[in-house]
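Here is the file start.csv (CSV, C-alpha atoms).
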```csv
chain,number,residue,atom,x,y,z
C,1359,MET,CA,0.0,0.0,0.0
C,1360,PRO,CA,1.5,3.4,-0.9
C,1361,ARG,CA,2.3,5.9,1.9
C,1362,THR,CA,-0.4,8.3,2.8
C,1363,VAL,CA,0.9,11.9,2.9
C,1364,PHE,CA,-0.4,15.2,4.3
C,1365,VAL,CA,-2.3,17.4,1.8
C,1366,THR,CA,-2.1,21.2,2.0
C,1367,ASP,CA,-4.7,22.2,-0.6
C,1368,ARG,CA,-7.9,23.1,1.2
C,1369,ASP,CA,-10.2,22.6,-1.8
C,1370,LEU,CA,-8.8,19.1,-2.4
C,1371,MET,CA,-9.3,18.3,1.3
C,1372,LYS,CA,-13.0,19.2,1.0
C,1373,SER,CA,-13.5,16.4,-1.5
C,1374,THR,CA,-10.8,13.9,-0.5
C,1375,ARG,CA,-9.8,13.4,3.1
C,1376,LEU,CA,-6.9,11.3,4.1
C,1377,GLN,CA,-7.6,7.7,5.1
C,1378,ARG,CA,-5.7,6.5,8.2
C,1379,THR,CA,-3.0,3.9,7.7
C,1380,ASP,CA,-0.6,2.5,10.2
C,1381,GLU,CA,2.1,4.5,8.5
C,1382,THR,CA,0.4,7.9,9.0
C,1383,PRO,CA,1.7,9.8,12.1
C,1384,THR,CA,-0.5,11.8,14.3
C,1385,VAL,CA,0.2,15.4,15.2
C,1386,GLN,CA,-0.8,16.4,18.7
C,1387,MET,CA,-1.4,20.0,19.7
C,1388,ILE,CA,-1.4,20.9,23.4
C,1389,GLY,CA,-3.0,24.1,24.6
C,1390,THR,CA,-6.3,25.6,25.9
C,1391,LEU,CA,-9.7,25.5,24.3
C,1392,PRO,CA,-12.9,27.2,25.6
C,1393,PRO,CA,-14.0,27.3,28.3
C,1394,TRP,CA,-10.5,27.8,29.7
C,1395,LYS,CA,-8.8,31.1,29.5
C,1396,GLY,CA,-5.2,31.5,28.4
C,1397,ILE,CA,-5.1,31.5,24.6
C,1398,PRO,CA,-8.3,29.6,23.7
C,1399,ALA,CA,-9.3,31.8,20.7
C,1400,TYR,CA,-5.9,31.2,19.1
C,1401,CYS,CA,-5.9,27.4,19.8
C,1402,LYS,CA,-9.5,27.1,18.6
C,1403,GLU,CA,-8.7,28.8,15.3
C,1404,MET,CA,-5.6,26.7,14.8
C,1405,PHE,CA,-7.3,23.5,15.8
C,1406,GLU,CA,-10.3,24.0,13.6
C,1407,GLY,CA,-8.2,25.1,10.6
C,1408,ILE,CA,-5.7,22.3,10.8
C,1409,ASN,CA,-8.3,19.7,11.6
C,1410,GLN,CA,-9.9,20.4,8.2
C,1411,GLN,CA,-6.7,19.3,6.5
C,1412,LEU,CA,-5.4,16.5,8.6
C,1413,ASP,CA,-7.3,13.4,9.6
C,1414,HIS,CA,-4.4,12.4,11.9
C,1415,PHE,CA,-4.5,15.3,14.3
C,1416,LYS,CA,-5.6,15.6,17.9
C,1417,PHE,CA,-5.9,18.3,20.5
C,1418,THR,CA,-4.9,17.6,24.1
C,1419,GLY,CA,-6.1,20.1,26.6
C,1420,TRP,CA,-6.7,20.5,30.3
C,1421,LYS,CA,-9.1,19.1,32.8
C,1422,HIS,CA,-7.6,21.3,35.5
C,1423,LEU,CA,-5.4,24.1,34.1
C,1424,TYR,CA,-3.9,25.7,37.2
C,1425,PRO,CA,-5.1,26.9,40.5
C,1426,ALA,CA,-6.8,30.3,40.6
C,1427,SER,CA,-4.2,31.5,43.0
C,1428,LEU,CA,-1.6,31.5,40.2
C,1429,TYR,CA,-3.9,33.3,37.8
C,1430,PRO,CA,-4.2,37.0,38.6
C,1431,GLY,CA,-7.1,37.4,36.2
C,1432,GLY,CA,-9.4,35.6,38.6
C,1433,ASP,CA,-11.3,32.4,37.6
C,1434,PRO,CA,-9.3,30.7,34.8
C,1435,LYS,CA,-12.6,29.4,33.3
C,1436,THR,CA,-15.3,31.2,31.4
C,1437,ASN,CA,-18.9,30.4,30.6
C,1438,GLU,CA,-18.2,29.7,26.9
C,1439,GLU,CA,-19.3,26.5,25.4
C,1440,PRO,CA,-16.5,24.0,25.3
C,1441,VAL,CA,-15.1,22.9,22.0
C,1442,GLU,CA,-15.8,19.2,21.5
C,1443,GLY,CA,-14.7,16.6,19.0
C,1444,ASP,CA,-13.7,12.9,18.7
C,1445,ASN,CA,-10.1,14.1,18.6
C,1446,VAL,CA,-10.3,16.5,21.5
C,1447,GLU,CA,-9.3,15.2,24.9
C,1448,ARG,CA,-9.0,17.0,28.2
C,1449,SER,CA,-6.8,14.8,30.2
C,1450,LEU,CA,-4.1,17.0,31.7
C,1451,SER,CA,-4.3,18.3,35.3
C,1452,TRP,CA,-1.8,20.7,36.8
C,1453,TYR,CA,-1.6,18.6,40.0
C,1454,ASN,CA,-1.4,15.1,38.5
C,1455,PRO,CA,2.0,14.0,37.1
C,1456,ILE,CA,0.5,10.8,35.9
C,1457,SER,CA,-1.6,12.8,33.4
C,1458,TRP,CA,1.5,14.4,32.1
C,1459,ILE,CA,3.4,11.1,31.7
C,1460,SER,CA,0.4,9.5,30.0
C,1461,VAL,CA,0.3,12.2,27.4
C,1462,GLY,CA,4.0,11.8,26.8
C,1463,LEU,CA,3.7,8.1,26.4
C,1464,ASP,CA,0.9,8.3,23.7
C,1465,SER,CA,2.2,5.9,21.1
C,1466,ASP,CA,0.1,7.3,18.2
C,1467,VAL,CA,1.9,10.7,18.3
C,1468,GLU,CA,5.0,11.5,16.3
C,1469,LEU,CA,5.0,15.3,16.5
C,1470,VAL,CA,4.0,17.2,19.7
C,1471,HIS,CA,3.1,20.8,19.0
C,1472,ALA,CA,2.8,22.7,22.3
C,1473,GLN,CA,1.5,26.2,22.8
C,1474,TRP,CA,3.7,28.0,25.3
C,1475,TRP,CA,2.5,31.1,27.1
C,1476,SER,CA,2.4,30.6,30.8
C,1477,TYR,CA,5.2,29.7,33.2
C,1478,PRO,CA,3.0,27.7,35.7
C,1479,LEU,CA,2.7,25.1,33.0
C,1480,ALA,CA,6.4,24.6,32.7
C,1481,ILE,CA,6.8,21.5,34.8
C,1482,PRO,CA,3.9,19.6,33.1
C,1483,TYR,CA,5.2,20.6,29.7
C,1484,ILE,CA,8.8,19.6,30.4
C,1485,SER,CA,7.6,16.2,31.7
C,1486,ILE,CA,5.5,15.6,28.6
C,1487,PHE,CA,8.5,16.6,26.4
C,1488,THR,CA,10.9,14.4,28.2
C,1489,VAL,CA,8.8,11.3,28.1
C,1490,GLY,CA,7.8,12.0,24.5
C,1491,LYS,CA,11.4,12.5,23.3
C,1492,LEU,CA,12.4,9.2,25.0
C,1493,ARG,CA,9.8,7.6,22.7
C,1494,GLY,CA,11.3,9.3,19.7
C,1495,LYS,CA,8.8,12.2,19.3
C,1496,THR,CA,9.7,15.6,17.9
C,1497,VAL,CA,8.7,18.6,20.0
C,1498,LEU,CA,7.5,21.8,18.3
C,1499,VAL,CA,6.8,24.8,20.6
C,1500,THR,CA,4.9,28.0,19.6
C,1501,VAL,CA,6.4,30.8,21.6
C,1502,HIS,CA,3.7,33.3,22.3
C,1503,ASN,CA,5.9,35.5,24.4
C,1504,VAL,CA,9.7,35.5,23.9
C,1505,GLU,CA,10.1,36.4,27.6
C,1506,PRO,CA,7.4,36.1,30.3
C,1507,HIS,CA,5.4,39.2,31.1
C,1508,GLU,CA,6.2,38.7,34.8
C,1509,GLN,CA,10.0,38.7,34.6
C,1510,ASN,CA,12.1,37.4,37.5
C,1511,VAL,CA,14.7,34.7,38.0
C,1512,LEU,CA,12.2,31.9,38.3
C,1513,THR,CA,10.1,32.7,35.3
C,1514,ARG,CA,13.1,33.2,33.1
C,1515,PHE,CA,14.6,29.9,34.3
C,1516,LEU,CA,11.3,28.0,33.6
C,1517,ASN,CA,11.1,29.6,30.1
C,1518,ASP,CA,14.6,28.6,29.3
C,1519,LEU,CA,13.9,25.0,30.4
C,1520,VAL,CA,10.9,24.7,28.2
C,1521,TYR,CA,12.9,26.0,25.2
C,1522,TRP,CA,15.8,23.7,26.0
C,1523,PHE,CA,13.6,20.6,25.7
C,1524,ALA,CA,12.1,21.6,22.3
C,1525,ASP,CA,13.4,20.7,18.9
C,1526,GLU,CA,11.7,23.4,16.7
C,1527,TYR,CA,9.9,26.7,17.4
C,1528,VAL,CA,7.2,28.9,16.0
C,1529,VAL,CA,7.2,32.7,16.6
C,1530,HIS,CA,4.8,35.3,15.2
C,1531,SER,CA,7.1,37.8,13.5
C,1532,GLU,CA,10.6,38.3,12.1
C,1533,GLU,CA,11.2,40.6,15.0
C,1534,ASN,CA,10.2,37.9,17.4
C,1535,LYS,CA,12.5,35.5,15.6
C,1536,SER,CA,15.5,37.8,16.0
C,1537,GLN,CA,14.7,38.4,19.7
C,1538,PHE,CA,14.2,34.8,20.4
C,1539,SER,CA,17.3,33.6,18.7
C,1540,GLN,CA,19.5,36.2,20.5
C,1541,LYS,CA,17.9,35.8,24.0
C,1542,ALA,CA,17.6,32.0,24.0
C,1543,GLY,CA,20.7,31.3,21.9
C,1544,ILE,CA,18.9,29.2,19.4
C,1545,ASP,CA,19.9,28.6,15.8
C,1546,PRO,CA,17.6,30.7,13.6
C,1547,GLU,CA,17.1,27.7,11.3
C,1548,ARG,CA,15.1,26.0,14.0
C,1549,ILE,CA,12.8,29.1,14.4
C,1550,HIS,CA,9.8,29.4,12.0
C,1551,VAL,CA,7.8,32.5,11.5
C,1552,ILE,CA,4.0,32.1,11.3
C,1553,SER,CA,1.9,35.2,11.8
C,1554,HIS,CA,-0.8,35.4,14.4
C,1555,PRO,CA,-4.1,34.6,12.6
C,1556,THR,CA,-7.0,37.1,12.4
C,1557,ILE,CA,-9.3,35.7,15.1
C,1558,GLY,CA,-12.8,36.6,16.1
C,1559,PRO,CA,-16.4,35.3,16.6
C,1560,ASP,CA,-19.1,35.4,14.0
C,1561,LYS,CA,-20.2,39.0,13.4
C,1562,GLN,CA,-23.8,39.9,14.2
C,1563,GLY,CA,-23.8,43.1,12.1
C,1564,ILE,CA,-24.5,45.5,15.0
C,1565,SER,CA,-24.2,49.2,14.1
C,1566,ASN,CA,-22.0,51.7,15.7
C,1567,THR,CA,-25.1,53.6,17.0
C,1568,ASP,CA,-26.6,50.4,18.6
C,1569,ALA,CA,-23.2,49.4,20.0
C,1570,CYS,CA,-22.8,52.8,21.6
C,1571,ARG,CA,-26.3,52.7,23.1
C,1572,GLU,CA,-25.6,49.2,24.6
C,1573,LEU,CA,-22.4,50.5,26.2
C,1574,ALA,CA,-24.0,53.7,27.4
C,1575,LEU,CA,-21.7,55.8,25.1
C,1576,SER,CA,-22.7,58.8,23.0
C,1577,PRO,CA,-22.4,58.1,19.2
C,1578,ASP,CA,-21.8,61.8,18.8
C,1579,ARG,CA,-18.5,61.5,20.7
C,1580,SER,CA,-15.3,59.8,19.5
C,1581,THR,CA,-14.3,56.6,21.3
C,1582,VAL,CA,-10.8,55.2,21.9
C,1583,LEU,CA,-10.9,51.6,23.0
C,1584,PHE,CA,-8.3,50.0,25.4
C,1585,PHE,CA,-9.1,46.3,25.5
C,1586,GLY,CA,-7.7,43.3,27.4
C,1587,ASN,CA,-6.1,42.5,30.7
C,1588,ILE,CA,-4.6,45.7,32.3
C,1589,ARG,CA,-1.0,45.2,33.1
C,1590,ASP,CA,1.8,47.7,33.7
C,1591,TYR,CA,3.6,47.3,30.4
C,1592,LYS,CA,0.5,48.0,28.3
C,1593,GLY,CA,0.8,51.8,28.9
C,1594,LEU,CA,-2.8,52.6,30.0
C,1595,ASP,CA,-1.4,55.5,32.1
C,1596,SER,CA,0.1,57.1,29.0
C,1597,LEU,CA,-3.2,56.6,27.1
C,1598,VAL,CA,-5.1,58.4,29.8
C,1599,ARG,CA,-2.8,61.4,29.4
C,1600,MET,CA,-3.3,61.3,25.6
C,1601,VAL,CA,-7.1,61.3,25.9
C,1602,ASP,CA,-6.9,64.3,28.2
C,1603,SER,CA,-4.9,66.1,25.5
C,1604,LEU,CA,-7.2,64.9,22.7
C,1605,ASN,CA,-10.2,66.5,24.5
C,1606,ASP,CA,-8.8,70.0,23.7
C,1607,GLY,CA,-11.1,70.9,20.9
C,1608,ARG,CA,-12.8,67.4,20.6
C,1609,ASP,CA,-15.2,65.2,22.4
C,1610,VAL,CA,-13.3,62.0,23.1
C,1611,ASP,CA,-14.2,59.1,25.4
C,1612,LEU,CA,-11.9,56.4,26.6
C,1613,LEU,CA,-13.5,52.9,26.8
C,1614,ILE,CA,-11.5,50.5,29.0
C,1615,ALA,CA,-12.6,46.9,28.9
C,1616,GLY,CA,-10.8,44.1,30.7
C,1617,LYS,CA,-9.6,42.7,34.0
C,1618,CYS,CA,-7.0,44.7,35.9
C,1619,TRP,CA,-4.1,42.5,37.0
C,1620,GLU,CA,-2.6,45.1,39.3
C,1621,ASP,CA,-3.7,48.0,41.5
C,1622,TRP,CA,-6.5,50.0,39.7
C,1623,GLU,CA,-6.1,52.8,42.2
C,1624,LYS,CA,-3.2,54.4,40.4
C,1625,TYR,CA,-5.2,54.6,37.2
C,1626,GLU,CA,-8.2,56.0,39.1
C,1627,LYS,CA,-6.1,58.7,40.6
C,1628,LEU,CA,-4.7,59.6,37.2
C,1629,ILE,CA,-8.2,59.9,35.7
C,1630,GLU,CA,-9.3,62.1,38.6
C,1631,GLN,CA,-6.1,64.2,38.3
C,1632,HIS,CA,-7.0,65.0,34.6
C,1633,ASP,CA,-10.7,65.5,35.4
C,1634,LEU,CA,-11.7,62.7,33.0
C,1635,GLY,CA,-14.3,61.0,35.2
C,1636,ASP,CA,-17.1,61.7,32.6
C,1637,ASN,CA,-14.9,60.7,29.7
C,1638,VAL,CA,-13.7,57.3,30.9
C,1639,HIS,CA,-16.1,54.3,30.7
C,1640,ARG,CA,-14.8,51.1,32.4
C,1641,TYR,CA,-16.1,47.6,31.9
C,1642,PRO,CA,-14.0,45.6,34.4
C,1643,GLY,CA,-13.5,41.8,34.2
C,1644,PHE,CA,-13.5,39.3,31.4
C,1645,ILE,CA,-15.5,40.2,28.3
C,1646,PRO,CA,-17.3,37.1,26.9
C,1647,GLU,CA,-17.0,36.3,23.2
C,1648,ASP,CA,-20.6,37.2,22.4
C,1649,GLU,CA,-20.0,40.8,23.6
C,1650,LEU,CA,-16.8,41.5,21.7
C,1651,GLU,CA,-18.4,43.0,18.7
C,1652,LEU,CA,-20.1,45.7,20.9
C,1653,PHE,CA,-16.8,47.1,22.0
C,1654,PHE,CA,-14.9,47.1,18.7
C,1655,THR,CA,-17.9,48.4,16.8
C,1656,ALA,CA,-18.5,51.2,19.2
C,1657,ALA,CA,-14.8,52.3,19.0
C,1658,ASP,CA,-13.4,54.7,16.4
C,1659,VAL,CA,-9.9,53.5,17.1
C,1660,VAL,CA,-8.3,50.7,19.2
C,1661,ALA,CA,-5.2,51.9,21.1
C,1662,LEU,CA,-2.3,49.5,22.0
C,1663,PRO,CA,0.2,51.7,23.7
C,1664,TYR,CA,2.3,48.8,24.8
C,1665,GLU,CA,5.7,50.0,26.1
C,1666,TYR,CA,7.2,46.5,25.9
C,1667,PHE,CA,6.0,43.6,23.9
C,1668,ASP,CA,7.7,40.6,22.3
C,1669,ALA,CA,4.8,38.8,20.6
C,1670,GLN,CA,1.8,39.5,18.4
C,1671,SER,CA,-1.5,40.7,19.9
C,1672,GLY,CA,-4.8,39.0,20.1
C,1673,VAL,CA,-6.4,42.5,20.7
C,1674,ALA,CA,-4.9,43.7,17.4
C,1675,GLY,CA,-6.2,40.6,15.8
C,1676,LEU,CA,-9.7,41.4,17.0
C,1677,ALA,CA,-9.4,44.9,15.7
C,1678,ASN,CA,-8.6,43.5,12.3
C,1679,HIS,CA,-11.5,41.0,12.5
C,1680,PHE,CA,-14.0,43.7,13.3
C,1681,ARG,CA,-12.4,46.2,10.8
C,1682,THR,CA,-11.6,48.8,13.5
C,1683,VAL,CA,-8.5,51.0,12.9
C,1684,SER,CA,-5.7,50.4,15.4
C,1685,VAL,CA,-2.6,52.3,16.6
C,1686,GLY,CA,0.4,50.8,18.3
C,1687,TYR,CA,4.2,51.1,18.8
C,1688,ASP,CA,6.7,49.1,16.8
C,1689,GLU,CA,7.1,46.5,19.6
C,1690,GLY,CA,7.3,42.8,19.0
C,1691,GLY,CA,5.1,42.0,16.0
C,1692,LEU,CA,2.6,44.8,16.5
C,1693,ALA,CA,3.8,46.8,13.5
C,1694,HIS,CA,2.5,44.0,11.3
C,1695,GLN,CA,-0.9,43.9,12.9
C,1696,VAL,CA,-1.9,47.5,13.5
C,1697,ASP,CA,-2.8,50.2,10.9
C,1698,LEU,CA,-0.8,53.1,12.3
C,1699,VAL,CA,2.6,52.7,13.9
C,1700,ALA,CA,4.1,55.3,16.3
C,1701,SER,CA,7.6,55.7,17.6
C,1702,THR,CA,7.0,58.1,20.4
C,1703,GLU,CA,4.1,59.0,22.7
C,1704,SER,CA,3.7,62.3,20.9
C,1705,GLU,CA,3.4,60.5,17.6
C,1706,PHE,CA,1.0,58.0,19.1
C,1707,GLU,CA,-1.3,60.9,20.1
C,1708,GLN,CA,-1.1,62.4,16.6
C,1709,LEU,CA,-2.1,59.0,15.0
C,1710,LEU,CA,-5.0,58.7,17.4
C,1711,THR,CA,-6.1,62.2,16.2
C,1712,LYS,CA,-5.7,61.1,12.6
C,1713,ALA,CA,-7.8,58.0,13.2
C,1714,ILE,CA,-10.5,60.0,14.9
C,1715,ASP,CA,-10.6,63.0,12.5
C,1716,SER,CA,-10.2,61.3,9.1
C,1717,ASP,CA,-10.8,58.1,7.3
C,1718,VAL,CA,-7.9,55.7,7.6
C,1719,GLU,CA,-7.6,52.9,5.1
C,1720,LYS,CA,-8.0,49.7,7.0
C,1721,THR,CA,-5.4,47.1,5.9
C,1722,LEU,CA,-5.6,43.5,6.8
C,1723,PRO,CA,-2.6,41.1,7.0
C,1724,THR,CA,-2.6,37.9,5.0
C,1725,ASP,CA,-3.9,35.1,7.1
C,1726,ASP,CA,-2.0,32.0,5.9
C,1727,SER,CA,-1.2,30.6,9.3
C,1728,VAL,CA,-3.0,27.3,8.9
C,1729,ASP,CA,-1.3,26.5,5.6
C,1730,LYS,CA,2.1,27.4,7.0
C,1731,HIS,CA,1.6,25.1,9.9
C,1732,ILE,CA,0.7,22.2,7.6
C,1733,LYS,CA,3.9,22.8,5.5
C,1734,LEU,CA,6.0,23.0,8.7
C,1735,TYR,CA,4.5,19.7,10.0
C,1736,ASN,CA,5.4,18.0,6.7
C,1737,ARG,CA,8.9,19.3,6.8
C,1738,ILE,CA,9.5,18.3,10.4
C,1739,LEU,CA,8.0,14.8,9.9
C,1740,GLY,CA,9.9,14.3,6.7
C,1741,ASN,CA,13.2,15.3,8.4
C,1742,ALA,CA,12.5,13.0,11.3
C,1743,ARG,CA,12.2,10.0,8.9
C,1744,ASP,CA,15.4,10.8,7.0
```
The structure given in the file should be rewritten as structure tokens.
Amino acid sequence: MPRTVFVTDRDLMKSTRLQRTDETPTVQMIGTLPPWKGIPAYCKEMFEGINQQLDHFKFTGWKHLYPASLYPGGDPKTNEEPVEGDNVERSLSWYNPISWISVGLDSDVELVHAQWWSYPLAIPYISIFTVGKLRGKTVLVTVHNVEPHEQNVLTRFLNDLVYWFADEYVVHSEENKSQFSQKAGIDPERIHVISHPTIGPDKQGISNTDACRELALSPDRSTVLFFGNIRDYKGLDSLVRMVDSLNDGRDVDLLIAGKCWEDWEKYEKLIEQHDLGDNVHRYPGFIPEDELELFFTAADVVALPYEYFDAQSGVAGLANHFRTVSVGYDEGGLAHQVDLVASTESEFEQLLTKAIDSDVEKTLPTDDSVDKHIKLYNRILGNARD
């Protein structure tokens, strides 16, 4: 019987799916799917896209991700419907080493593709990689953050350990590749660039006026959106100052939506200091998927004033999905995701003004992430057999 191979043409796969043979390897992705937080939207997009092309593909997720005490964002679970499928298993538990070893021992798997974003998962991942490599598996790691957001000796050490046990790596931009190669001392030939996909839920077609009404905003005023977990490096304090300046001669509101991972009091004092109490609208906590369109449709511009960043942004991806103009600094892979790129705080404010006062052509990055993953799988598996 001839060897069955992976097919990368999506139209062909719609009519002819691969039939399993004993010679066909299974690719296993490890990450989070709804209802877990973490990177579920990314994992869901990748799983569903790759699953359309590979019959021999499985997703391994978590039964118990990690204790709430290690997750500053509160409950690590949402109310979203879980993603189900015959090739979706939730067998991993943060407290159960047997679950890690069992996944590593899985004899059907030839390529382990792990999504890496959170240092509390380091020991389970390292255990899975170690057992898997003893069984001859290849380990591919997608590096969502070149360095941990919470940087200290422990988090850097755990990051380096995870990288040491991997064979190949995926990052989201050429900038990330250069950063990762230099900081981790890894041969660039083992680092593959696959852009962050444009991710978002199905659109309901809500209008700007209706979205503003739902969020108690005035459609006659301009709205700057800051979305996502509030953390020190994301520059919300600088954005508050910019909005204060923007209100000289304009009517501008700042819409803040997301969980604060630090002390909100410092932001509250800054808002009061600039007398912006009536201009700042805050929706604290996790925003469920079915409400995302409200926030991005109500906004005239999405602001990403991240002062340090070494990845690509899910928020920028949502802005692209909902066709909302975005502004960011040239940090990490942001320059490839946002519409307007600033180099200084002053320029950032000018670009916010441009987005508010005039039409900015919305550009969308090419989304070929699924196809590039398939090609990478083929290359790695082919090399492993040579």
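Closest approach to C:Gly1675 among C:Pro1555, C:Gly1586, C:Gly1691, C:Pro1642 is made by C:Pro1555 (distances from all atoms listed in the file).
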Atom CA of C:His1694 to atom CA of C:His1554 measures 9.7 Å
Env of C:Leu1709: 8 Å cut, atoms = only C-alpha atoms, seq-sep filter 3 positions within chain, self excluded. Answer as an mmCIF file with C-alpha atoms, keeping the file's coordinate frame.
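Generated file (around_14.cif):
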```cif
data_model
loop_
_atom_site.group_PDB
_atom_site.id
_atom_site.type_symbol
_atom_site.label_atom_id
_atom_site.label_comp_id
_atom_site.auth_asym_id
_atom_site.auth_seq_id
_atom_site.Cartn_x
_atom_site.Cartn_y
_atom_site.Cartn_z
ATOM 1 C CA VAL C 1685 -2.600 52.300 16.600
ATOM 2 C CA LEU C 1698 -0.800 53.100 12.300
ATOM 3 C CA VAL C 1699 2.600 52.700 13.900
ATOM 4 C CA ALA C 1700 4.100 55.300 16.300
ATOM 5 C CA GLU C 1705 3.400 60.500 17.600
ATOM 6 C CA PHE C 1706 1.000 58.000 19.100
ATOM 7 C CA LYS C 1712 -5.700 61.100 12.600
ATOM 8 C CA ALA C 1713 -7.800 58.000 13.200
#
```
In Å and to one decimal, atom CA of C:Thr1581 is distant from atom CA of C:Leu1612 by 5.8 Å
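Straight-line separation from atom CA of C:Lys1395 to atom CA of C:Lys1416: 19.6 Å.
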Using only C-alpha atoms, can you tell me which of C:Ile1481, C:Val1441, C:Ala1656, C:Leu1722 comes closest to C:Cys1570?
C:Ala1656
Counting only C-alpha atoms, what is within 7 Å of C:Lys1535, bar same-chain residues fewer than 4 positions away, as a PyMOL selection string?
chain C and resi 1529+1531+1539+1549+1551
Quick one: residues within 10 Å of stretch 1604-1610 of chain C, all atoms listed in the file counted, chain neighbours fewer than 6 positions away excluded, as an MDAnalysis selection string?
chainID C and resid 1576 1578:1582 1598 1634 1637:1638 1658 1707:1708 1710:1711 1714:1715
Tell me which protein, DNA and RNA residues are within 10 Å of C:Ile1456, counting all atoms listed in the file, leaving out same-chain ones fewer than 5 positions away, and put them as a CSV table (one decimal) with C-alpha atoms, in the coordinates of the input.
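Once everything was written out, this is selection20.csv:
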```csv
chain,number,residue,atom,x,y,z
C,1450,LEU,CA,-4.1,17.0,31.7
C,1451,SER,CA,-4.3,18.3,35.3
C,1461,VAL,CA,0.3,12.2,27.4
C,1462,GLY,CA,4.0,11.8,26.8
C,1482,PRO,CA,3.9,19.6,33.1
C,1485,SER,CA,7.6,16.2,31.7
```
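Residue nearest C:His1502 within the list C:Phe1487, C:Tyr1424, C:Tyr1477, C:Phe1680: C:Tyr1477 [criterion: smallest interatomic distance, all atoms listed in the file].
Closest approach to C:Arg1514 from the set C:Val1528, C:Ala1480, C:Val1499, C:Ile1459 is made by C:Ala1480, with distances taken over all atoms listed in the file.
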Would you list the contacts of C:Ala1677 as a PyMOL selection string, taking every protein, DNA or RNA residue within 10 Å and counting only C-alpha atoms, but skipping same-chain residues closer than 4 positions in sequence?
chain C and resi 1556-1558+1585+1651+1653-1655+1657+1659-1661+1671-1673+1681-1684+1695-1697+1722
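Nearest residue to C:Trp1474, choosing from C:Trp1622, C:Thr1488, C:Leu1516, C:Val1446 and counting only C-alpha atoms: C:Leu1516.
Closest approach to C:Gly1686 among C:Cys1618, C:Val1520, C:Leu1597, C:Leu1391: C:Leu1597, based on all atoms listed in the file.
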Since the input is missing atoms, can you rebuild N, CA and C atoms for stretch 1721-1734 of chain C and write them as an mmCIF file, in the frame of the given file?
```cif
data_model
loop_
_atom_site.group_PDB
_atom_site.id
_atom_site.type_symbol
_atom_site.label_atom_id
_atom_site.label_comp_id
_atom_site.auth_asym_id
_atom_site.auth_seq_id
_atom_site.Cartn_x
_atom_site.Cartn_y
_atom_site.Cartn_z
ATOM 1 N N THR C 1721 -6.128 48.199 6.598
ATOM 2 C CA THR C 1721 -5.400 47.100 5.900
ATOM 3 C C THR C 1721 -5.437 45.874 6.743
ATOM 4 N N LEU C 1722 -5.538 44.761 6.082
ATOM 5 C CA LEU C 1722 -5.600 43.500 6.800
ATOM 6 C C LEU C 1722 -4.450 42.584 6.370
ATOM 7 N N PRO C 1723 -3.759 42.000 7.353
ATOM 8 C CA PRO C 1723 -2.600 41.100 7.000
ATOM 9 C C PRO C 1723 -3.145 39.820 6.380
ATOM 10 N N THR C 1724 -2.297 39.228 5.560
ATOM 11 C CA THR C 1724 -2.600 37.900 5.000
ATOM 12 C C THR C 1724 -2.669 36.864 6.024
ATOM 13 N N ASP C 1725 -3.746 36.096 6.038
ATOM 14 C CA ASP C 1725 -3.900 35.100 7.100
ATOM 15 C C ASP C 1725 -3.649 33.690 6.416
ATOM 16 N N ASP C 1726 -2.400 33.255 6.471
ATOM 17 C CA ASP C 1726 -2.000 32.000 5.900
ATOM 18 C C ASP C 1726 -1.426 31.054 6.976
ATOM 19 N N SER C 1727 -1.809 31.299 8.231
ATOM 20 C CA SER C 1727 -1.200 30.600 9.300
ATOM 21 C C SER C 1727 -1.453 29.084 9.313
ATOM 22 N N VAL C 1728 -2.647 28.693 8.944
ATOM 23 C CA VAL C 1728 -3.000 27.300 8.900
ATOM 24 C C VAL C 1728 -2.118 26.543 7.860
ATOM 25 N N ASP C 1729 -2.078 27.100 6.647
ATOM 26 C CA ASP C 1729 -1.300 26.500 5.600
ATOM 27 C C ASP C 1729 0.175 26.383 5.943
ATOM 28 N N LYS C 1730 0.693 27.416 6.592
ATOM 29 C CA LYS C 1730 2.100 27.400 7.000
ATOM 30 C C LYS C 1730 2.372 26.337 8.052
ATOM 31 N N HIS C 1731 1.405 26.132 8.945
ATOM 32 C CA HIS C 1731 1.600 25.100 9.900
ATOM 33 C C HIS C 1731 1.622 23.699 9.255
ATOM 34 N N ILE C 1732 0.735 23.473 8.294
ATOM 35 C CA ILE C 1732 0.700 22.200 7.600
ATOM 36 C C ILE C 1732 2.057 21.939 6.905
ATOM 37 N N LYS C 1733 2.568 22.952 6.226
ATOM 38 C CA LYS C 1733 3.900 22.800 5.500
ATOM 39 C C LYS C 1733 4.980 22.519 6.532
ATOM 40 N N LEU C 1734 4.935 23.193 7.676
ATOM 41 C CA LEU C 1734 6.000 23.000 8.700
ATOM 42 C C LEU C 1734 5.871 21.554 9.246
#
```
